[in-house]
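Engineer: The structure is given below, and queries will be raised subsequently.
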Amino acid sequence: MKSPSSLVFLTETLRRLPGVGPKSAQRMAYHLMQHDREGAAQLGRALTQAVDKVQHCARCNTFTENDVCETCLDSERDASLLCVVETPGDQLMIEQTMTFKGLYFVLMGRLSPLDGIGPKEIHLEKLMARATDGGVKEVVLATNFTNEGEATAHYISETLKARGLQVSRLARGVPVGGELEYVDAGTIARAMLDRRAT
């Protein structure tokens, strides 16, 4: 029996999600059509709304529905501290530790020359403009402790130090090869508090 083309398209689309293979995508598609059509419709509306409304913050590059995100507009945050992370998920994890009171810059990736991801793709020019705007005194590099994350931190560190900025790196409380989004808040809190100069 051949599946309807709309169901095939839904299955193929679900496969675009990270960690979702052909069988998982097929199970999800069939579940939504058989047991949760209202959930499927709600998922469609939520995706459309997010695509229409979510944009990048003009200052820190994270996701927001406004020109500038709430964190950047918060006058109680320490504007002299700038934490550089790879993803909005990493930013969220650091926020949940309640140990960092500065501002952020989200790279939306990490350097990976083999994948064609260079300084332009991680918005390095925008980061440099933000870090050298006169208010930042210390940049905390909170990229992941993967090979690409370490290379990204080293590249950014050298570039910032050449401009006279103080640069620190998360301490190694985060496991090597670990990604911040999947590390517990206590470990991230310890790493933030024990950060070191690079």
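The chains in the structure tokens are called A, B, ... from first to last as shown; in each chain the residues are counted from 1, and the ligands are counted from 1 in the order shown.
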How would you write, as a ChimeraX atom specification, the set of residues in segment 4-197 of chain A that DSSP gives as alpha helix (DSSP H)?

Structural biologist: /A:5-14,22-35,37-53,70-73,88-97,124-131,147-161,185-193

Engineer: Contacts of segment 12-17 of chain A at 8 Å or less, counting only C-alpha atoms, minus same-chain residues fewer than 4 places along, as a ChimeraX atom specification?

Structural biologist: /A:8,21-22,25,28-29

Engineer: Convert the current residue selection to file output with N, CA, C and O atoms, as an mmCIF file, in the first residue's frame.

Structural biologist:
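And here is the file that came out, again_16.cif:
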data_model
loop_
_atom_site.group_PDB
_atom_site.id
_atom_site.type_symbol
_atom_site.label_atom_id
_atom_site.label_comp_id
_atom_site.auth_asym_id
_atom_site.auth_seq_id
_atom_site.Cartn_x
_atom_site.Cartn_y
_atom_site.Cartn_z
ATOM 1 N N VAL A 8 3.402 11.424 3.113
ATOM 2 C CA VAL A 8 4.816 11.255 2.765
ATOM 3 C C VAL A 8 5.554 12.577 2.973
ATOM 4 O O VAL A 8 6.650 12.617 3.548
ATOM 5 N N GLY A 21 14.861 9.940 12.725
ATOM 6 C CA GLY A 21 15.124 9.118 11.551
ATOM 7 C C GLY A 21 13.829 8.797 10.821
ATOM 8 O O GLY A 21 12.742 9.242 11.214
ATOM 9 N N PRO A 22 13.925 7.989 9.759
ATOM 10 C CA PRO A 22 12.742 7.689 8.946
ATOM 11 C C PRO A 22 11.611 7.011 9.721
ATOM 12 O O PRO A 22 10.443 7.363 9.557
ATOM 13 N N ALA A 25 10.008 9.477 12.276
ATOM 14 C CA ALA A 25 9.209 10.473 11.547
ATOM 15 C C ALA A 25 7.891 9.860 11.091
ATOM 16 O O ALA A 25 6.834 10.493 11.202
ATOM 17 N N MET A 28 5.575 9.475 14.110
ATOM 18 C CA MET A 28 5.012 10.781 14.501
ATOM 19 C C MET A 28 3.901 11.202 13.549
ATOM 20 O O MET A 28 2.834 11.648 13.979
ATOM 21 N N ALA A 29 4.158 11.088 12.259
ATOM 22 C CA ALA A 29 3.176 11.501 11.251
ATOM 23 C C ALA A 29 1.879 10.702 11.397
ATOM 24 O O ALA A 29 0.780 11.273 11.420
#

Engineer: Nearest to Leu73 of chain A: which of A:Ala58, A:Val140, A:Met128, A:Val85 is it, counting only C-alpha atoms?

Structural biologist: A:Ala58

Engineer: So what do you get for atom CA of Phe145 of chain A versus atom CA of Thr62 of chain A, distance-wise?

Structural biologist: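 It comes out at 20.5 Å.
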
Engineer: Go through A:Thr143, A:Thr152, A:Thr159, A:Gln49 and flag the residue nearest Met192 of chain A, using only C-alpha atoms for the distances.

Structural biologist: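 Counting only C-alpha atoms, the residue closest to Met192 of chain A is A:Thr143.
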
Engineer: By how many Å are atom CA of Asp184 of chain A and atom CA of Asp90 of chain A apart?

Structural biologist: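 A separation of 11.4 Å between them.
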
Engineer: Would you mind listing what lies within 8 Å of Tyr30 of chain A as a list in words, with only C-alpha atoms counted and same-chain residues fewer than 4 positions away left out?

Structural biologist: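 Near neighbours after the sequence-gap exclusion: Leu7, Gln26 and Gln34 of chain A.
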
Engineer: Got time to write the residues from that selection, C-alpha atoms, as a short mmCIF file (atom, residue, chain, number, x, y, z; two decimals), in the first residue's frame?

Structural biologist:
data_model
loop_
_atom_site.label_atom_id
_atom_site.label_comp_id
_atom_site.auth_asym_id
_atom_site.auth_seq_id
_atom_site.Cartn_x
_atom_site.Cartn_y
_atom_site.Cartn_z
CA LEU A 7 1.54 11.98 4.57
CA GLN A 26 6.74 7.96 10.16
CA GLN A 34 -4.65 9.03 13.64
#

Engineer: Leaving out Cys69 of chain A and any residue of its chain fewer than 6 positions from it, which residues lie within 12 Å of it when counting only C-alpha atoms, given as a PyMOL selection string?

Structural biologist: chain A and resi 54-63+88+103-106

Engineer: Selection from above, all heavy atoms, as a CSV table (one decimal), in the first residue's frame, can you write it?

Structural biologist:
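Listing of out_14.csv after writing:
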chain,number,residue,atom,x,y,z
A,54,VAL,N,9.5,35.4,14.9
A,54,VAL,CA,10.8,35.3,15.6
A,54,VAL,C,11.9,35.8,14.7
A,54,VAL,O,11.9,35.5,13.5
A,54,VAL,CB,11.1,33.8,16.0
A,54,VAL,CG1,12.5,33.7,16.6
A,54,VAL,CG2,10.1,33.4,17.1
A,55,GLN,N,12.7,36.7,15.2
A,55,GLN,CA,13.8,37.3,14.5
A,55,GLN,C,15.0,37.3,15.4
A,55,GLN,O,15.0,36.9,16.5
A,55,GLN,CB,13.4,38.7,14.0
A,55,GLN,CG,13.1,39.6,15.2
A,55,GLN,CD,12.5,41.0,14.7
A,55,GLN,OE1,12.5,41.3,13.5
A,55,GLN,NE2,12.1,41.8,15.6
A,56,HIS,N,16.1,37.9,14.9
A,56,HIS,CA,17.3,38.0,15.7
A,56,HIS,C,17.4,39.4,16.4
A,56,HIS,O,17.1,40.4,15.8
A,56,HIS,CB,18.6,37.8,14.8
A,56,HIS,CG,18.7,36.4,14.3
A,56,HIS,ND1,19.2,35.4,15.1
A,56,HIS,CD2,18.5,35.9,13.1
A,56,HIS,CE1,19.2,34.3,14.4
A,56,HIS,NE2,18.8,34.6,13.1
A,57,CYS,N,17.8,39.4,17.6
A,57,CYS,CA,18.0,40.6,18.4
A,57,CYS,C,19.1,41.4,17.7
A,57,CYS,O,20.1,40.9,17.3
A,57,CYS,CB,18.4,40.3,19.8
A,57,CYS,SG,18.9,41.8,20.8
A,58,ALA,N,18.9,42.7,17.5
A,58,ALA,CA,19.8,43.6,16.8
A,58,ALA,C,21.1,43.7,17.6
A,58,ALA,O,22.2,44.0,17.1
A,58,ALA,CB,19.2,45.0,16.6
A,59,ARG,N,21.1,43.5,18.9
A,59,ARG,CA,22.3,43.7,19.8
A,59,ARG,C,23.0,42.4,20.0
A,59,ARG,O,24.2,42.3,19.9
A,59,ARG,CB,21.9,44.3,21.1
A,59,ARG,CG,21.4,45.7,20.9
A,59,ARG,CD,21.5,46.5,22.2
A,59,ARG,NE,22.9,46.4,22.7
A,59,ARG,CZ,23.4,47.1,23.6
A,59,ARG,NH1,22.7,48.1,24.2
A,59,ARG,NH2,24.7,47.0,24.0
A,60,CYS,N,22.2,41.3,20.5
A,60,CYS,CA,22.9,40.1,20.9
A,60,CYS,C,22.7,38.9,20.0
A,60,CYS,O,23.3,37.9,20.2
A,60,CYS,CB,22.5,39.7,22.3
A,60,CYS,SG,20.8,39.0,22.4
A,61,ASN,N,21.9,39.0,19.0
A,61,ASN,CA,21.7,38.0,17.9
A,61,ASN,C,20.8,36.8,18.4
A,61,ASN,O,20.7,35.9,17.7
A,61,ASN,CB,23.0,37.5,17.4
A,61,ASN,CG,23.0,37.0,16.0
A,61,ASN,OD1,22.3,37.6,15.2
A,61,ASN,ND2,23.7,35.9,15.7
A,62,THR,N,20.3,36.9,19.6
A,62,THR,CA,19.4,35.7,20.0
A,62,THR,C,18.0,35.9,19.4
A,62,THR,O,17.8,36.8,18.6
A,62,THR,CB,19.3,35.7,21.6
A,62,THR,OG1,18.8,34.4,22.0
A,62,THR,CG2,18.4,36.8,22.1
A,63,PHE,N,17.2,34.9,19.7
A,63,PHE,CA,15.8,35.0,19.1
A,63,PHE,C,14.9,35.9,20.0
A,63,PHE,O,15.0,36.0,21.2
A,63,PHE,CB,15.1,33.6,19.2
A,63,PHE,CG,15.8,32.6,18.2
A,63,PHE,CD1,16.0,31.3,18.5
A,63,PHE,CD2,16.1,33.0,16.9
A,63,PHE,CE1,16.5,30.4,17.7
A,63,PHE,CE2,16.6,32.1,16.0
A,63,PHE,CZ,16.8,30.8,16.4
A,88,PRO,N,20.9,29.9,21.3
A,88,PRO,CA,19.9,30.4,22.3
A,88,PRO,C,19.6,29.3,23.4
A,88,PRO,O,19.4,29.7,24.6
A,88,PRO,CB,18.6,30.6,21.5
A,88,PRO,CG,19.1,30.9,20.1
A,88,PRO,CD,20.3,30.0,19.9
A,103,LEU,N,25.4,40.5,30.0
A,103,LEU,CA,24.7,40.4,28.7
A,103,LEU,C,25.3,39.3,27.9
A,103,LEU,O,26.3,38.7,28.2
A,103,LEU,CB,24.7,41.8,28.0
A,103,LEU,CG,24.0,42.9,28.7
A,103,LEU,CD1,24.3,44.3,28.0
A,103,LEU,CD2,22.5,42.7,28.8
A,104,TYR,N,24.6,39.1,26.7
A,104,TYR,CA,25.0,37.9,25.9
A,104,TYR,C,25.3,38.3,24.4
A,104,TYR,O,24.8,39.4,24.0
A,104,TYR,CB,23.9,36.9,25.9
A,104,TYR,CG,23.7,36.2,27.2
A,104,TYR,CD1,22.8,36.7,28.1
A,104,TYR,CD2,24.4,35.0,27.5
A,104,TYR,CE1,22.6,36.1,29.3
A,104,TYR,CE2,24.2,34.4,28.7
A,104,TYR,CZ,23.3,34.9,29.6
A,104,TYR,OH,23.0,34.3,30.8
A,105,PHE,N,26.0,37.4,23.7
A,105,PHE,CA,26.0,37.4,22.3
A,105,PHE,C,25.9,36.0,21.9
A,105,PHE,O,26.7,35.1,22.3
A,105,PHE,CB,27.3,38.1,21.7
A,105,PHE,CG,27.2,38.2,20.2
A,105,PHE,CD1,26.6,39.3,19.7
A,105,PHE,CD2,27.6,37.2,19.4
A,105,PHE,CE1,26.5,39.5,18.3
A,105,PHE,CE2,27.5,37.3,18.0
A,105,PHE,CZ,26.9,38.5,17.5
A,106,VAL,N,25.0,35.7,21.0
A,106,VAL,CA,24.7,34.3,20.5
A,106,VAL,C,25.2,34.2,19.1
A,106,VAL,O,24.8,34.9,18.2
A,106,VAL,CB,23.2,34.0,20.5
A,106,VAL,CG1,22.9,32.6,20.1
A,106,VAL,CG2,22.6,34.2,22.0

Engineer: For each of A:Glu179, A:Asp36, A:Glu95, A:Glu86, take the minimum atom-to-atom distance to Leu141 of chain A, counting only C-alpha atoms, then give the residue where this is smallest.

Structural biologist: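 Once distances to Leu141 of chain A are computed over only C-alpha atoms, the minimum belongs to A:Glu86.
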